[in-house]
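Here is the file final05.txt (compact mmCIF, C-alpha atoms).
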```txt
# COMPACT_ATOMS: atom_id res chain seq x y z
CA MET W 1 16.10 -0.58 -13.03
CA ASN W 2 13.72 1.33 -10.75
CA SER W 3 10.45 -0.63 -10.58
CA ASN W 4 8.30 2.50 -10.97
CA ASN W 5 10.24 3.55 -14.09
CA GLN W 6 9.94 0.06 -15.58
CA GLU W 7 6.22 0.02 -14.88
CA ALA W 8 5.83 3.36 -16.62
CA ARG W 9 7.80 2.05 -19.63
CA ILE W 10 5.59 -1.04 -19.80
CA LEU W 11 2.43 1.08 -19.78
CA LEU W 12 3.79 3.30 -22.54
CA ALA W 13 4.83 0.28 -24.63
CA ILE W 14 1.36 -1.27 -24.31
CA GLU W 15 -0.25 2.02 -25.33
CA VAL W 16 1.98 2.34 -28.41
CA ILE W 17 1.32 -1.27 -29.48
CA HIS W 18 -2.43 -0.68 -29.25
CA LYS W 19 -2.09 2.43 -31.42
CA ASP W 20 0.33 0.92 -33.96
CA LYS W 21 -0.84 -2.59 -34.86
CA LYS W 22 2.28 -3.13 -37.00
CA LEU W 23 4.63 -2.68 -34.06
CA SER W 24 5.76 -6.04 -32.68
CA ILE W 25 6.15 -6.84 -29.00
CA ARG W 26 9.84 -7.57 -29.58
CA LYS W 27 10.49 -4.18 -31.14
CA ALA W 28 8.42 -2.33 -28.53
CA ALA W 29 10.37 -4.07 -25.77
CA MET W 30 13.63 -2.94 -27.36
CA LEU W 31 12.40 0.63 -27.82
CA TYR W 32 11.34 0.98 -24.21
CA ASN W 33 14.14 -1.11 -22.71
CA ILE W 34 11.95 -3.68 -20.98
CA PRO W 35 12.06 -7.52 -20.97
CA ARG W 36 10.21 -8.94 -23.97
CA THR W 37 8.63 -11.78 -21.93
CA THR W 38 7.36 -9.30 -19.34
CA LEU W 39 5.72 -7.17 -22.01
CA ARG W 40 4.24 -10.22 -23.74
CA HIS W 41 2.76 -11.48 -20.46
CA ARG W 42 1.22 -8.09 -19.78
CA MET W 43 -0.24 -7.97 -23.29
CA GLU W 44 -1.73 -11.44 -22.75
CA GLY W 45 -3.29 -10.36 -19.49
CA LEU W 46 -1.27 -12.72 -17.30
CA PRO W 47 -1.09 -11.63 -13.65
CA LEU W 48 2.13 -10.27 -12.24
CA ARG W 49 3.81 -11.90 -9.29
CA THR W 50 3.25 -8.62 -7.52
CA GLU W 51 -0.50 -9.13 -7.78
CA THR W 52 -0.25 -11.26 -4.66
CA ARG W 53 0.26 -7.93 -2.94
CA ALA W 54 -3.49 -7.36 -3.38
CA ASN W 55 -4.13 -9.24 -0.15
CA ARG W 56 -2.05 -6.68 1.71
CA HIS W 57 -2.86 -3.42 -0.09
CA LYS W 58 -5.97 -1.29 -0.17
CA ILE W 59 -5.73 -0.43 -3.87
CA THR W 60 -5.42 -2.76 -6.84
CA GLU W 61 -2.35 -2.89 -9.06
CA LEU W 62 -4.18 -1.04 -11.85
CA GLU W 63 -5.13 1.71 -9.42
CA GLU W 64 -1.53 1.83 -8.23
CA GLU W 65 -0.42 2.22 -11.86
CA VAL W 66 -2.67 5.26 -12.16
CA ILE W 67 -0.96 6.82 -9.14
CA VAL W 68 2.51 5.97 -10.51
CA GLN W 69 1.64 7.64 -13.82
CA TYR W 70 0.38 10.68 -11.93
CA ILE W 71 3.64 10.95 -9.97
CA LEU W 72 5.81 10.56 -13.09
CA ASP W 73 3.74 13.07 -15.04
CA MET W 74 3.87 15.71 -12.29
CA ASP W 75 7.62 15.17 -11.88
CA LEU W 76 8.19 15.48 -15.64
CA ARG W 77 6.43 18.85 -15.61
CA GLY W 78 8.60 20.06 -12.76
CA PHE W 79 5.99 19.69 -10.02
CA PRO W 80 6.97 16.60 -8.01
CA PRO W 81 3.90 15.85 -5.85
CA LYS W 82 4.06 15.94 -2.09
CA LEU W 83 3.10 12.85 -0.09
CA LYS W 84 -0.20 14.50 0.87
CA ASN W 85 -1.12 14.90 -2.82
CA VAL W 86 -0.46 11.21 -3.50
CA GLU W 87 -2.42 10.22 -0.40
CA ASP W 88 -5.38 12.34 -1.52
CA MET W 89 -5.38 10.66 -4.92
CA ALA W 90 -5.30 7.18 -3.33
CA ASN W 91 -8.21 8.14 -1.08
CA ASP W 92 -10.16 9.42 -4.10
CA ILE W 93 -9.71 6.01 -5.75
CA LEU W 94 -10.92 4.21 -2.63
CA GLU W 95 -13.91 6.54 -2.37
CA SER W 96 -15.04 5.94 -5.94
CA ARG W 97 -14.69 2.14 -6.05
CA VAL W 98 -17.97 1.23 -4.32
CA ALA W 99 -19.95 3.93 -6.11
CA ASN W 100 -18.54 2.90 -9.50
CA MET W 101 -19.34 -0.78 -8.98
CA ARG W 102 -22.89 -0.05 -7.83
CA ALA W 103 -23.50 2.27 -10.77
CA LYS W 104 -21.99 -0.16 -13.28
CA TYR W 105 -24.32 -3.01 -12.29
CA GLY W 106 -27.32 -0.95 -11.15
CA ILE W 107 -27.21 -2.30 -7.59
CA LEU W 108 -30.16 -1.19 -5.46
CA ASP W 109 -30.04 -0.94 -1.67
CA GLY W 110 -32.08 -4.12 -1.30
CA ASP W 111 -29.61 -6.05 -3.46
CA PHE W 112 -26.52 -4.72 -1.67
CA TYR W 113 -25.46 -7.35 0.88
CA ASN W 114 -22.71 -7.70 3.43
CA PHE W 115 -21.78 -11.06 4.89
CA ASP W 116 -19.20 -11.78 7.51
CA GLU W 117 -18.12 -14.46 9.96
CA THR W 118 -17.73 -14.31 13.70
CA GLY W 119 -16.45 -17.05 15.99
CA PHE W 120 -17.61 -18.41 19.33
CA MET W 121 -15.64 -20.50 21.78
CA MET W 122 -18.16 -22.59 23.67
CA GLY W 123 -17.85 -22.04 27.38
CA ILE W 124 -16.22 -18.63 27.13
CA ILE W 125 -18.21 -15.64 28.39
CA CYS W 126 -17.55 -11.91 28.41
CA ALA W 127 -14.86 -10.86 30.87
CA ALA W 128 -17.30 -8.56 32.68
CA MET W 129 -19.62 -11.45 33.60
CA VAL W 130 -18.88 -12.92 37.04
CA VAL W 131 -20.44 -15.64 39.15
CA THR W 132 -19.51 -15.95 42.80
CA SER W 133 -20.76 -17.52 46.00
CA ALA W 134 -22.32 -15.30 48.67
CA GLU W 135 -20.14 -17.04 51.25
CA ARG W 136 -16.94 -16.46 49.27
CA ASN W 137 -14.60 -13.69 50.36
CA GLY W 138 -12.15 -11.85 48.15
CA ARG W 139 -12.21 -10.95 44.46
CA SER W 140 -14.75 -12.77 42.28
CA LYS W 141 -13.65 -14.60 39.14
CA THR W 142 -15.34 -15.46 35.90
CA VAL W 143 -16.62 -19.01 35.71
CA GLN W 144 -15.68 -20.68 32.42
CA PRO W 145 -17.05 -24.15 31.65
CA GLY W 146 -14.57 -26.71 30.38
CA ASN W 147 -15.90 -27.20 26.83
CA ARG W 148 -13.60 -25.45 24.35
CA GLU W 149 -15.18 -26.29 20.99
CA TRP W 150 -15.21 -23.65 18.29
CA ALA W 151 -18.22 -22.51 16.26
CA THR W 152 -18.50 -19.99 13.42
CA ALA W 153 -21.60 -17.97 12.54
CA ILE W 154 -21.93 -16.62 8.99
CA ILE W 155 -24.40 -13.75 8.98
CA CYS W 156 -25.69 -11.69 6.07
CA GLY W 157 -27.94 -8.69 5.58
CA ASN W 158 -28.64 -5.94 3.05
CA GLY W 159 -28.80 -2.17 2.96
CA GLU W 160 -32.53 -2.14 3.68
CA GLY W 161 -31.99 -4.00 6.95
CA GLU W 162 -33.19 -7.40 5.72
CA THR W 163 -31.28 -10.54 6.71
CA ILE W 164 -31.07 -14.10 5.48
CA PRO W 165 -31.09 -17.10 7.86
CA PRO W 166 -27.72 -17.56 9.58
CA PHE W 167 -25.34 -20.35 8.62
CA LEU W 168 -23.68 -22.02 11.62
CA VAL W 169 -20.45 -24.02 11.31
CA VAL W 170 -19.79 -26.32 14.27
CA GLN W 171 -17.20 -28.93 15.13
CA GLY W 172 -18.41 -32.43 14.32
CA GLN W 173 -18.67 -35.14 11.68
CA VAL W 174 -22.43 -35.58 11.23
CA HIS W 175 -25.71 -33.84 12.02
CA LEU W 176 -27.36 -34.94 15.27
CA SER W 177 -31.13 -34.98 15.60
CA ASN W 178 -31.14 -33.26 19.00
CA TRP W 179 -29.55 -30.18 17.43
CA TYR W 180 -32.97 -29.57 15.95
CA THR W 181 -35.41 -31.28 18.34
CA GLU W 182 -34.08 -29.68 21.54
CA THR W 183 -33.24 -26.17 20.36
CA ASN W 184 -36.29 -24.83 18.50
CA LEU W 185 -34.07 -23.44 15.75
CA PRO W 186 -36.00 -22.12 12.72
CA ALA W 187 -36.17 -24.67 9.90
CA GLU W 188 -34.45 -22.33 7.43
CA TRP W 189 -31.34 -21.92 9.58
CA ALA W 190 -28.39 -23.95 8.27
CA ILE W 191 -25.92 -26.00 10.33
CA LYS W 192 -22.71 -27.34 8.83
CA PRO W 193 -20.46 -29.71 10.81
CA THR W 194 -16.73 -29.55 10.01
CA SER W 195 -13.67 -31.08 11.62
CA ASN W 196 -12.75 -27.90 13.50
CA GLY W 197 -15.75 -25.56 13.37
CA TRP W 198 -14.04 -23.26 10.87
CA THR W 199 -14.97 -22.38 7.31
CA ASN W 200 -13.15 -23.74 4.26
CA ASN W 201 -13.63 -23.63 0.48
CA GLU W 202 -16.38 -26.27 0.58
CA THR W 203 -18.24 -24.46 3.34
CA GLY W 204 -17.85 -21.13 1.55
CA LEU W 205 -19.53 -22.54 -1.56
CA GLU W 206 -22.32 -24.12 0.50
CA TRP W 207 -22.98 -20.78 2.15
CA LEU W 208 -23.06 -19.05 -1.25
CA LYS W 209 -25.76 -21.46 -2.43
CA HIS W 210 -27.62 -20.79 0.84
CA PHE W 211 -27.40 -17.06 0.09
CA ASP W 212 -28.61 -17.53 -3.48
CA LYS W 213 -31.57 -19.62 -2.32
CA HIS W 214 -32.77 -16.98 0.12
CA THR W 215 -32.22 -13.86 -2.02
CA LYS W 216 -32.81 -14.67 -5.70
CA ASN W 217 -36.60 -14.45 -5.50
CA ARG W 218 -36.62 -11.14 -3.65
CA ARG W 219 -33.99 -9.27 -5.64
CA LYS W 220 -35.02 -5.89 -6.98
CA GLY W 221 -32.71 -5.77 -10.00
CA LYS W 222 -30.72 -8.22 -12.10
CA TYR W 223 -27.60 -8.27 -9.93
CA ARG W 224 -26.89 -8.77 -6.26
CA MET W 225 -23.70 -7.40 -4.74
CA LEU W 226 -21.82 -9.10 -1.91
CA VAL W 227 -19.42 -7.02 0.16
CA LEU W 228 -16.91 -9.41 1.69
CA ASP W 229 -13.42 -9.76 3.12
CA GLY W 230 -10.44 -11.48 1.51
CA HIS W 231 -10.86 -14.94 3.07
CA GLU W 232 -9.49 -17.61 0.73
CA SER W 233 -12.83 -19.46 0.67
CA HIS W 234 -14.34 -16.40 -1.06
CA GLU W 235 -11.69 -16.47 -3.77
CA SER W 236 -11.88 -20.12 -4.80
CA VAL W 237 -12.56 -20.91 -8.45
CA ALA W 238 -15.85 -22.62 -7.56
CA PHE W 239 -17.04 -19.66 -5.46
CA GLN W 240 -16.26 -17.11 -8.15
CA ALA W 241 -17.74 -19.29 -10.92
CA TYR W 242 -21.01 -19.69 -9.01
CA CYS W 243 -21.20 -15.93 -8.51
CA LYS W 244 -20.69 -15.30 -12.21
CA GLU W 245 -23.29 -17.87 -13.24
CA ASN W 246 -25.90 -16.41 -10.88
CA ASP W 247 -25.37 -12.65 -11.35
CA ILE W 248 -23.72 -12.13 -7.97
CA ILE W 249 -21.07 -9.40 -7.93
CA CYS W 250 -18.37 -9.65 -5.25
CA LEU W 251 -16.76 -6.51 -3.87
CA ARG W 252 -13.78 -7.21 -1.65
CA LEU W 253 -12.97 -4.75 1.08
CA PRO W 254 -9.42 -3.72 2.00
CA PRO W 255 -7.76 -6.31 4.27
CA HIS W 256 -7.49 -5.65 8.02
CA SER W 257 -10.21 -2.99 7.80
CA SER W 258 -13.35 -4.84 8.89
CA HIS W 259 -13.71 -2.73 12.04
CA LEU W 260 -14.18 0.27 9.73
CA THR W 261 -15.64 -1.07 6.49
CA GLN W 262 -17.80 -4.13 7.27
CA PRO W 263 -21.40 -3.16 8.14
CA LEU W 264 -21.87 -6.26 10.30
CA ASP W 265 -18.71 -5.52 12.26
CA VAL W 266 -19.67 -1.90 12.77
CA GLY W 267 -23.38 -2.29 13.48
CA CYS W 268 -24.07 -5.79 14.80
CA PHE W 269 -21.27 -8.05 16.00
CA SER W 270 -20.39 -6.28 19.24
CA ASN W 271 -24.06 -6.38 20.25
CA LEU W 272 -24.26 -10.05 19.25
CA LYS W 273 -21.23 -11.02 21.34
CA ARG W 274 -22.46 -9.06 24.35
CA SER W 275 -25.91 -10.62 24.14
CA TYR W 276 -24.45 -14.11 23.70
CA GLY W 277 -22.25 -13.56 26.76
CA GLY W 278 -25.34 -12.67 28.75
CA GLN W 279 -27.10 -15.86 27.65
CA ILE W 280 -24.14 -18.02 28.69
CA ASP W 281 -23.94 -16.18 31.99
CA GLY W 282 -27.56 -17.15 32.59
CA PHE W 283 -26.72 -20.82 32.01
CA ILE W 284 -23.85 -20.65 34.47
CA LYS W 285 -25.98 -19.00 37.12
CA ALA W 286 -28.43 -21.87 36.64
CA HIS W 287 -25.53 -24.25 37.44
CA ILE W 288 -25.20 -25.48 33.84
CA ASN W 289 -21.44 -25.92 33.75
CA HIS W 290 -21.04 -27.71 30.43
CA ILE W 291 -21.90 -25.62 27.36
CA SER W 292 -22.59 -28.18 24.65
CA LYS W 293 -23.83 -27.49 21.13
CA ILE W 294 -27.41 -27.59 22.43
CA GLU W 295 -26.75 -24.74 24.86
CA PHE W 296 -24.77 -22.91 22.19
CA PHE W 297 -27.64 -23.08 19.69
CA ILE W 298 -30.16 -21.92 22.29
CA ALA W 299 -27.94 -19.05 23.45
CA PHE W 300 -27.01 -18.01 19.92
CA LYS W 301 -30.64 -17.98 18.76
CA ALA W 302 -31.66 -15.67 21.60
CA ALA W 303 -28.64 -13.41 21.06
CA TYR W 304 -29.16 -13.29 17.29
CA GLU W 305 -32.80 -12.30 17.58
CA GLU W 306 -31.91 -9.58 20.07
CA SER W 307 -28.96 -8.05 18.20
CA ILE W 308 -29.22 -8.71 14.45
CA THR W 309 -32.07 -6.30 13.90
CA SER W 310 -33.10 -4.22 10.91
CA GLN W 311 -32.11 -1.08 12.79
CA ASN W 312 -28.62 -2.38 13.63
CA MET W 313 -28.07 -3.63 10.08
CA LYS W 314 -28.98 -0.24 8.60
CA SER W 315 -26.78 1.42 11.20
CA GLY W 316 -23.85 -0.73 10.03
CA PHE W 317 -24.29 0.29 6.40
CA ARG W 318 -24.61 3.92 7.46
CA GLY W 319 -21.59 3.76 9.79
CA THR W 320 -19.37 2.38 7.03
CA GLY W 321 -20.48 5.04 4.57
CA LEU W 322 -21.98 2.50 2.16
CA ILE W 323 -25.67 3.51 2.42
CA PRO W 324 -26.04 6.41 2.02
CA PHE W 325 -22.71 6.62 0.22
CA ASN W 326 -20.39 8.69 2.40
CA PRO W 327 -16.67 7.75 2.22
CA GLU W 328 -15.87 10.37 4.83
CA ALA W 329 -17.54 8.10 7.41
CA VAL W 330 -14.53 5.78 7.07
CA LEU W 331 -11.77 8.14 5.99
CA SER W 332 -12.40 10.40 8.98
CA LYS W 333 -11.62 7.48 11.30
CA LEU W 334 -8.28 6.62 9.70
CA ASP W 335 -5.23 7.52 11.73
CA ILE W 336 -3.12 9.06 8.97
CA ARG W 337 0.04 10.90 9.90
CA ILE W 338 2.15 12.66 7.29
CA ARG W 339 5.80 12.52 8.24
CA THR W 340 7.84 15.63 7.49
CA PRO W 341 11.62 15.60 7.09
CA THR W 342 13.61 16.29 10.23
CA PRO W 343 15.36 19.64 9.85
CA PRO W 344 19.16 19.36 9.71
CA LEU W 345 21.09 20.15 12.84
CA SER W 346 22.69 23.55 12.79
CA THR W 347 26.46 23.54 13.00
```

So, in terms of structure tokens, how does the structure I just supplied come out?
Amino acid sequence: MNSNNQEARILLAIEVIHKDKKLSIRKAAMLYNIPRTTLRHRMEGLPLRTETRANRHKITELEEEVIVQYILDMDLRGFPPKLKNVEDMANDILESRVANMRAKYGILDGDFYNFDETGFMMGIICAAMVVTSAERNGRSKTVQPGNREWATAIICGNGEGETIPPFLVVQGQVHLSNWYTETNLPAEWAIKPTSNGWTNNETGLEWLKHFDKHTKNRRKGKYRMLVLDGHESHESVAFQAYCKENDIICLRLPPHSSHLTQPLDVGCFSNLKRSYGGQIDGFIKAHINHISKIEFFIAFKAAYEESITSQNMKSGFRGTGLIPFNPEAVLSKLDIRIRTPTPPLST
């Protein structure tokens, strides 16, 4: 059975059951020629196996059902929609999602946050940075210190350009006192050692509590909204439960779209990486050839203060069409090509 037709039958069966309370699931399944267990699961609200597709698709399954119903309805009336019509409807759904969520919870600009992660490989500098001897002939090469530890910076700001202290994840087992005594990092900055310098479910929850601590007393309304990507640490049961208990609404952006839809990616991260590269270049020119965590913290602090500004944060929200709300800011950048059928060869 065609999956679209079956989905349409399921939707019709559910609608009829809601209207006629005497109609059993078994009888409705027989009437609409669909598996009884499938219909029962849908009535009970159990997720479909196809819901795992959410990590790969821009629209949710419910939104996809709306489009399927639209296609079937137009076809039934003798007006099968063209691909462009379906694409326009999908874009309309994407456009309305952010606005609907903000309106539903009364989210103000100052309570509308984006947080994102960006990684740093200690010892790596921007490809354009070169260090060479005056006596050396030939083409210069980038100097790259031998340390190859990984660090992750979790950064967060809101639509009014305000930020919360960064949360740094570094490779290690314990905190070392010289991370704080030799770097002049602000006391409210957080450092989390992990086995590989990457985030995980535990780190994600720790960051969420860090976010709550620094935003709950300055919120303008009841709810705060977090715009985030689909990283698994943001979807853990503990993460979602903490959000619900503390009036934090999560809005997940379409996967593989951060370069278009994440304010931090659009307005801040390229500046941050460029500034960090300049700081490391300065160390190398000063003949510091081992970039340890101390040098990383010092370089990151300087780069952060230079690049994560109120102006850049606001620019990110504006560039992604979130504040002010302007979906065309993103949709106009999409490379969408409508394929037309190849005309048949003349004989």

Between W:Arg218, W:Lys293, W:Ile284, W:Asp229, which has the minimum distance to W:Thr183 (counting all atoms listed in the file)? W:Lys293

If you measure from atom CA of W:Arg252 to atom CA of W:Lys104, what distance in Å do you get, rounded to one decimal? 15.9 Å

So how many Å separate atom CA of W:Phe296 and atom CA of W:Leu272, to one decimal?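 That distance, rounded to one decimal, is 13.2 Å.
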
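Using all atoms listed in the file, the contacts of W:Phe297 at a cut-off of 9 Å, with sequence neighbours closer than 4 positions omitted, comprise Trp179, Thr183, Asn184, Leu185, Ser292, Lys293, Lys301 and Ala302 of chain W.
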
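Comparing W:Asn200, W:Ser270, W:Gln311, W:Asn326 by their smallest distance to W:Glu160, the closest is W:Gln311 (using all atoms listed in the file).
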
Please, which residues are within 10 Å of (-24.7, -1.5, 6.3) by the file's coordinates, counting all atoms listed in the file, and could they come as JSON, numbers by chain? {"W": [109, 112, 113, 114, 157, 158, 159, 160, 161, 227, 261, 262, 263, 264, 265, 266, 267, 268, 310, 311, 312, 313, 314, 315, 316, 317, 318, 319, 320, 321, 322, 323, 324]}

So how many Å separate atom CA of W:Ile280 and atom CA of W:Ala299, to one decimal? 6.6 Å

Residue among W:Glu306, W:Asp116, W:Glu182, W:Asp281 lying closest to W:Ile294, counting all atoms listed in the file: W:Glu182

Pick from W:Lys216, W:Glu188, W:Gly282, W:Phe300, whichever lies nearest to W:Thr118 using all atoms listed in the file: W:Phe300

Give me the residues near W:Arg40 as a PyMOL selection string, where near means some atom within 12 Å (using all atoms listed in the file) and where sequence neighbours in that chain fewer than 2 positions away do not count. chain W and resi 10+13-14+17+24-29+34-38+42-48

So that I can check the surroundings of W:Gln173, please list as a ChimeraX atom specification every protein, DNA and RNA residue that reaches within 9 Å of it, counting all atoms listed in the file and ignoring chain neighbours fewer than 2 positions away. /W:171,175,193-195

Tell me which protein, DNA and RNA residues are within 10 Å of W:Met101, counting all atoms listed in the file, leaving out same-chain ones fewer than 3 positions away, and put them as an NGL selection string. :W and (96-98 or 104-107 or 225 or 249-251)
